[in-house]
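Undergrad: See my_file_29.txt below, with compact mmCIF, C-alpha atoms.
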# COMPACT_ATOMS: atom_id res chain seq x y z
CA GLY A 1 78.50 84.72 82.54
CA PRO A 2 78.99 85.12 86.32
CA GLY A 3 76.11 82.72 86.84
CA SER A 4 78.19 79.96 85.27
CA ALA A 5 80.71 80.28 88.13
CA VAL A 6 77.89 79.87 90.63
CA SER A 7 76.40 76.82 88.93
CA HIS A 8 79.84 75.26 88.49
CA ASP A 9 80.48 75.46 92.23
CA PHE A 10 77.18 73.69 92.85
CA TRP A 11 78.10 70.75 90.64
CA THR A 12 81.69 70.50 91.87
CA GLY A 13 81.06 71.05 95.58
CA GLY A 14 82.62 74.50 95.64
CA GLY A 15 85.88 73.41 94.01
CA SER A 16 86.26 76.25 91.54
CA GLY A 17 89.52 77.29 89.97
CA GLY A 18 90.54 74.14 88.07
CA GLY A 19 90.84 73.62 84.34
CA ASP A 20 87.24 72.48 84.01
CA PHE A 21 86.12 75.67 85.75
CA MET A 22 88.12 77.84 83.35
CA ILE A 23 86.78 76.07 80.28
CA SER A 24 83.13 76.03 81.35
CA VAL A 25 83.10 79.67 82.46
CA SER A 26 85.03 80.83 79.39
CA LEU A 27 82.66 79.04 77.03
CA SER A 28 79.66 80.40 78.93
CA PHE A 29 80.87 83.98 78.58
CA GLY A 30 81.75 83.52 74.91
CA LEU A 31 78.42 81.92 74.01
CA ALA A 32 76.51 84.51 76.03
CA ILE A 33 78.18 87.40 74.21
CA SER A 34 77.53 85.83 70.80
CA VAL A 35 73.86 85.29 71.62
CA LEU A 36 73.42 88.81 73.01
CA VAL A 37 75.13 90.46 70.04
CA TYR A 38 73.02 88.48 67.57
CA THR A 39 69.90 89.40 69.56
CA PHE A 40 70.44 93.10 70.20
CA ALA A 41 72.63 94.22 67.29
CA PRO A 42 69.55 95.16 65.22
CA VAL A 43 68.30 97.33 68.10
CA SER A 44 71.34 99.00 69.64
CA GLY A 45 74.38 97.59 67.89
CA GLY A 46 74.83 95.00 70.63
CA HIS A 47 77.60 96.85 72.49
CA ILE A 48 76.86 95.28 75.91
CA ASN A 49 80.25 96.48 77.16
CA PRO A 50 80.97 100.13 78.11
CA ALA A 51 84.49 99.71 76.70
CA VAL A 52 83.02 98.81 73.30
CA THR A 53 80.68 101.79 73.49
CA LEU A 54 83.66 104.05 74.25
CA SER A 55 85.30 102.88 71.03
CA PHE A 56 82.27 103.91 68.97
CA PHE A 57 82.28 107.28 70.74
CA LEU A 58 85.97 107.78 69.98
CA ARG A 59 85.21 106.95 66.34
CA LYS A 60 82.52 109.68 66.43
CA GLU A 61 79.80 107.20 65.52
CA ILE A 62 77.76 108.07 68.62
CA SER A 63 77.44 111.29 70.62
CA LEU A 64 78.53 111.85 74.21
CA SER A 65 74.92 111.88 75.39
CA LYS A 66 74.18 108.60 73.63
CA MET A 67 77.30 107.04 75.12
CA MET A 68 76.14 108.04 78.60
CA LEU A 69 72.74 106.46 77.92
CA TYR A 70 74.44 103.26 76.77
CA TRP A 71 76.61 103.22 79.88
CA THR A 72 73.62 103.79 82.16
CA ALA A 73 71.76 100.87 80.61
CA GLN A 74 74.84 98.63 80.72
CA PHE A 75 75.70 99.29 84.36
CA LEU A 76 72.10 99.05 85.55
CA GLY A 77 71.59 95.89 83.51
CA ALA A 78 74.66 94.35 85.13
CA VAL A 79 73.31 95.09 88.61
CA VAL A 80 69.94 93.57 87.74
CA GLY A 81 71.65 90.52 86.25
CA ALA A 82 73.79 90.02 89.36
CA ALA A 83 70.68 90.43 91.52
CA VAL A 84 68.90 87.74 89.50
CA VAL A 85 71.83 85.35 89.99
CA TRP A 86 71.86 86.14 93.71
CA GLY A 87 68.10 85.69 93.99
CA THR A 88 68.28 82.37 92.16
CA ALA A 89 71.15 80.89 94.18
CA SER A 90 70.94 82.60 97.58
CA GLY A 91 69.57 80.43 100.38
CA SER A 92 69.78 77.32 98.22
CA GLU A 93 72.14 74.38 98.24
CA VAL A 94 74.43 76.37 95.95
CA ALA A 95 75.24 78.78 98.78
CA ALA A 96 75.65 75.95 101.27
CA VAL A 97 77.99 74.06 98.97
CA SER A 98 80.18 77.09 98.25
CA GLY A 99 80.41 77.92 101.94
CA LEU A 100 80.16 81.66 101.22
CA ASP A 101 77.64 84.32 102.19
CA LEU A 102 77.19 84.88 98.46
CA PRO A 103 77.40 81.81 96.22
CA SER A 104 80.84 81.96 94.58
CA ASN A 105 80.75 85.69 95.37
CA LEU A 106 78.54 85.93 92.28
CA GLY A 107 81.60 85.64 90.09
CA SER A 108 83.03 88.92 91.36
CA ASN A 109 86.32 90.07 89.82
CA PHE A 110 89.34 90.47 92.07
CA VAL A 111 93.10 90.40 91.68
CA HIS A 112 94.44 87.00 92.70
CA PRO A 113 96.89 87.15 95.63
CA ASN A 114 99.58 85.52 93.49
CA SER A 115 99.19 88.16 90.79
CA THR A 116 100.68 91.66 90.85
CA LEU A 117 98.60 94.77 90.33
CA GLY A 118 100.72 95.70 87.34
CA GLY A 119 100.27 92.28 85.78
CA ALA A 120 96.53 92.35 86.41
CA PHE A 121 96.25 95.82 84.89
CA LEU A 122 98.19 94.78 81.79
CA GLY A 123 96.14 91.62 81.39
CA GLU A 124 92.82 93.46 81.65
CA THR A 125 94.05 96.10 79.20
CA MET A 126 95.17 93.58 76.59
CA GLY A 127 92.09 91.38 77.08
CA THR A 128 89.87 94.36 76.31
CA PHE A 129 92.15 95.33 73.41
CA LEU A 130 91.56 91.86 71.93
CA LEU A 131 87.80 92.20 72.27
CA VAL A 132 87.51 95.72 70.83
CA ILE A 133 89.89 95.16 67.91
CA THR A 134 87.89 92.03 67.06
CA VAL A 135 84.68 94.07 67.07
CA LEU A 136 86.22 96.71 64.81
CA MET A 137 87.83 94.29 62.37
CA THR A 138 84.87 91.93 62.03
CA ALA A 139 81.77 94.10 62.53
CA VAL A 140 82.95 97.55 61.41
CA ASN A 141 85.63 97.07 58.75
CA ARG A 142 84.09 97.10 55.25
CA LYS A 143 86.53 94.45 54.10
CA SER A 144 85.62 92.05 56.90
CA ILE A 145 85.01 88.49 55.76
CA ALA A 146 82.97 87.71 58.88
CA GLY A 147 79.61 89.00 57.66
CA ILE A 148 76.75 87.75 59.81
CA ASN A 149 79.25 85.59 61.69
CA ALA A 150 80.90 88.61 63.37
CA PRO A 151 79.11 87.90 66.69
CA ILE A 152 80.72 84.45 66.74
CA ALA A 153 84.20 85.93 66.35
CA ILE A 154 83.42 88.49 69.06
CA GLY A 155 82.20 85.77 71.40
CA TRP A 156 85.32 83.69 70.80
CA SER A 157 87.53 86.69 71.58
CA VAL A 158 85.75 86.98 74.93
CA ALA A 159 86.17 83.25 75.58
CA LEU A 160 89.87 83.44 74.70
CA ALA A 161 90.42 86.37 77.06
CA HIS A 162 88.73 84.42 79.86
CA LEU A 163 90.84 81.32 79.27
CA ILE A 164 93.94 83.47 79.80
CA LEU A 165 92.83 85.91 82.53
CA ILE A 166 90.62 83.89 84.87
CA PRO A 167 93.55 82.74 87.07
CA PHE A 168 94.78 86.32 87.46
CA THR A 169 91.68 88.53 87.71
CA GLY A 170 88.66 86.37 87.00
CA CYS A 171 88.65 88.25 83.68
CA GLY A 172 86.70 91.48 83.72
CA ILE A 173 87.34 93.26 80.37
CA ASN A 174 83.91 94.82 80.91
CA PRO A 175 83.40 97.46 83.64
CA ALA A 176 79.67 96.75 83.78
CA ARG A 177 80.22 93.01 84.24
CA SER A 178 82.52 93.79 87.19
CA PHE A 179 80.20 96.44 88.59
CA GLY A 180 77.08 94.29 88.95
CA PRO A 181 78.50 91.55 91.22
CA HIS A 182 80.54 94.12 93.17
CA VAL A 183 77.43 96.17 93.98
CA ILE A 184 75.32 93.19 95.05
CA ALA A 185 78.20 91.88 97.17
CA ILE A 186 78.63 95.25 98.91
CA LEU A 187 74.89 95.49 99.56
CA ASN A 188 75.12 92.08 101.25
CA GLY A 189 78.08 93.18 103.37
CA VAL A 190 80.52 90.86 101.62
CA ASN A 191 84.11 91.97 101.00
CA VAL A 192 85.01 90.58 97.59
CA GLY A 193 88.54 91.99 97.69
CA THR A 194 89.34 95.68 97.51
CA ASN A 195 92.95 95.21 96.44
CA GLY A 196 93.16 96.47 92.86
CA TRP A 197 89.42 96.98 92.44
CA TRP A 198 90.11 100.09 90.35
CA ILE A 199 91.76 97.98 87.66
CA PHE A 200 88.40 96.70 86.45
CA TYR A 201 87.12 100.25 85.91
CA THR A 202 90.18 101.75 84.22
CA ALA A 203 92.11 99.10 82.29
CA PRO A 204 89.19 98.16 79.98
CA PHE A 205 88.77 101.78 78.89
CA ILE A 206 92.50 102.09 78.20
CA GLY A 207 92.44 98.85 76.24
CA SER A 208 89.49 100.13 74.22
CA THR A 209 91.27 103.41 73.49
CA LEU A 210 94.41 101.59 72.34
CA ALA A 211 92.38 99.28 70.10
CA SER A 212 90.49 102.24 68.60
CA ALA A 213 93.75 104.07 67.89
CA THR A 214 95.31 100.95 66.37
CA TYR A 215 92.35 100.49 64.07
CA LYS A 216 92.28 104.15 63.04
CA PHE A 217 95.97 104.60 62.30
CA ILE A 218 96.80 101.15 60.93
CA PHE A 219 93.70 99.52 59.47
CA GLU A 220 91.10 102.21 58.79
CA ASP A 221 92.94 103.99 55.96
CA ASP A 222 92.85 100.77 53.99
CA ASP A 223 89.18 100.38 54.85
CA VAL A 224 87.94 103.80 53.67
CA VAL A 225 86.22 103.69 50.31
CA GLU A 226 85.39 107.00 48.68
CA ALA A 227 81.88 106.62 47.35
CA GLN A 228 81.00 109.00 44.53
CA PRO A 229 77.48 110.42 44.15
CA SER A 230 75.62 108.84 41.25
CA GLU A 231 75.34 112.17 39.45
CA GLN A 232 79.08 112.80 39.70
CA LEU A 233 79.81 109.31 38.42
CA ALA A 234 77.46 109.81 35.49
CA ASP A 235 79.11 113.13 34.59
CA GLN A 236 82.52 111.50 34.77
CA LYS A 237 81.47 108.72 32.41
CA GLN A 238 79.96 111.24 29.98
CA SER A 239 83.17 113.28 30.07
CA GLU A 240 85.28 110.21 29.44
CA GLY A 241 83.06 109.34 26.48
CA SER A 242 83.47 112.82 25.03
CA GLU A 243 87.25 112.61 25.36
CA GLU A 244 87.29 109.32 23.47
CA LEU A 245 85.31 110.89 20.59
CA PHE A 246 87.89 113.63 20.18
Mind converting the file's structure to structure tokens?

TA:
Amino acid sequence: GPGSAVSHDFWTGGGSGGGDFMISVSLSFGLAISVLVYTFAPVSGGHINPAVTLSFFLRKEISLSKMMLYWTAQFLGAVVGAAVVWGTASGSEVAAVSGLDLPSNLGSNFVHPNSTLGGAFLGETMGTFLLVITVLMTAVNRKSIAGINAPIAIGWSVALAHLILIPFTGCGINPARSFGPHVIAILNGVNVGTNGWWIFYTAPFIGSTLASATYKFIFEDDDVVEAQPSEQLADQKQSEGSEELF
């Protein structure tokens, strides 16, 4: 995802921020999420995002210890990913074209000067809400019509959030995705913008909590199917047959 911002600046001479930038980066993030979910869902569920993992913890589908393991892997993976992008682009023409110490600041999230902190917080909250509710309704809900196409819907929700939020915050909606570029930037002595940095590590978790609560209290009751044990079902049928005889 962040690597698409770096490569875009190379091809456009550092002119990021236009409509073509928003579309290319949004599609890159959406496609990347779809591919990763398809790839790792059989292994770990394909959470990728700590906010998504929080939702499964709140639903009591994973334990606290497992959630912490997921988070550790997600945050460390984000740092490694950002380091790979930095190692690929640093010292090359990409850095020279962008005119920055770090090429495109590695796609680091920051609150745009023309955006308010409150607006940025609300946007990040609702963007994460969109992602998590999509995960729950397409990949968790028993009545979902998505089937094996759930990762596509999840990827499109990420792309949609980026199309809306990039001008305001660069679109985080994933604390790990924000963490990786921030860490590599700090290690290189680059100030990527400290104003509102906390938004990217709080709003996604609030959005996830709201989405989990919405699913539980509005949609889950309709989703629950009481499955009877085979023995109980057999006894019930036998009893019904006896009643018909008498």

Undergrad: Grab the CA of Leu58 in chain A to CA of Ala176 in chain A distance for me, in Å with one decimal place.

TA: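 Taking CA of Leu58 in chain A and CA of Ala176 in chain A, their separation equals 18.8 Å.
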
Undergrad: Between CA of Leu69 in chain A and CA of Pro50 in chain A, what is the distance in Å, rounded to a tenth?

TA: 10.4 Å

Undergrad: Can you work out the spacing between CA of Ile133 in chain A and CA of Ala150 in chain A in Å, to one decimal?

TA: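 CA of Ile133 in chain A sits 12.0 Å away from CA of Ala150 in chain A.
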
Undergrad: Excluding Ala161 in chain A and its own-chain neighbours fewer than 3 positions away, which residues fall within 12 Å of it when counting only C-alpha atoms? Please give them as a short mmCIF file (atom, residue, chain, number, x, y, z; two decimals) with C-alpha atoms, in the coordinates of the input.

TA:
data_model
loop_
_atom_site.label_atom_id
_atom_site.label_comp_id
_atom_site.auth_asym_id
_atom_site.auth_seq_id
_atom_site.Cartn_x
_atom_site.Cartn_y
_atom_site.Cartn_z
CA MET A 22 88.12 77.84 83.35
CA ILE A 23 86.78 76.07 80.28
CA VAL A 25 83.10 79.67 82.46
CA SER A 26 85.03 80.83 79.39
CA LEU A 27 82.66 79.04 77.03
CA PHE A 29 80.87 83.98 78.58
CA GLY A 30 81.75 83.52 74.91
CA GLY A 123 96.14 91.62 81.39
CA GLU A 124 92.82 93.46 81.65
CA THR A 125 94.05 96.10 79.20
CA MET A 126 95.17 93.58 76.59
CA GLY A 127 92.09 91.38 77.08
CA THR A 128 89.87 94.36 76.31
CA PHE A 129 92.15 95.33 73.41
CA LEU A 130 91.56 91.86 71.93
CA LEU A 131 87.80 92.20 72.27
CA VAL A 132 87.51 95.72 70.83
CA THR A 134 87.89 92.03 67.06
CA ILE A 154 83.42 88.49 69.06
CA GLY A 155 82.20 85.77 71.40
CA TRP A 156 85.32 83.69 70.80
CA SER A 157 87.53 86.69 71.58
CA VAL A 158 85.75 86.98 74.93
CA ILE A 164 93.94 83.47 79.80
CA LEU A 165 92.83 85.91 82.53
CA ILE A 166 90.62 83.89 84.87
CA PRO A 167 93.55 82.74 87.07
CA PHE A 168 94.78 86.32 87.46
CA THR A 169 91.68 88.53 87.71
CA GLY A 170 88.66 86.37 87.00
CA CYS A 171 88.65 88.25 83.68
CA GLY A 172 86.70 91.48 83.72
CA ILE A 173 87.34 93.26 80.37
CA ASN A 174 83.91 94.82 80.91
#

Undergrad: Neighbouring residues of Trp86 in chain A were defined as those with any atom within 10 Å, considering all atoms listed in the file; residues of the same chain fewer than 2 positions away were excluded. Please report them as a PyMOL selection string.

TA: chain A and resi 3+6+80-84+88-91+95+102-106+181+184-185

Undergrad: Counting all atoms listed in the file, find residues at most 12 Å from (87.7, 97.8, 86.5) (file frame) and give them as a count of residues only.

TA: 41
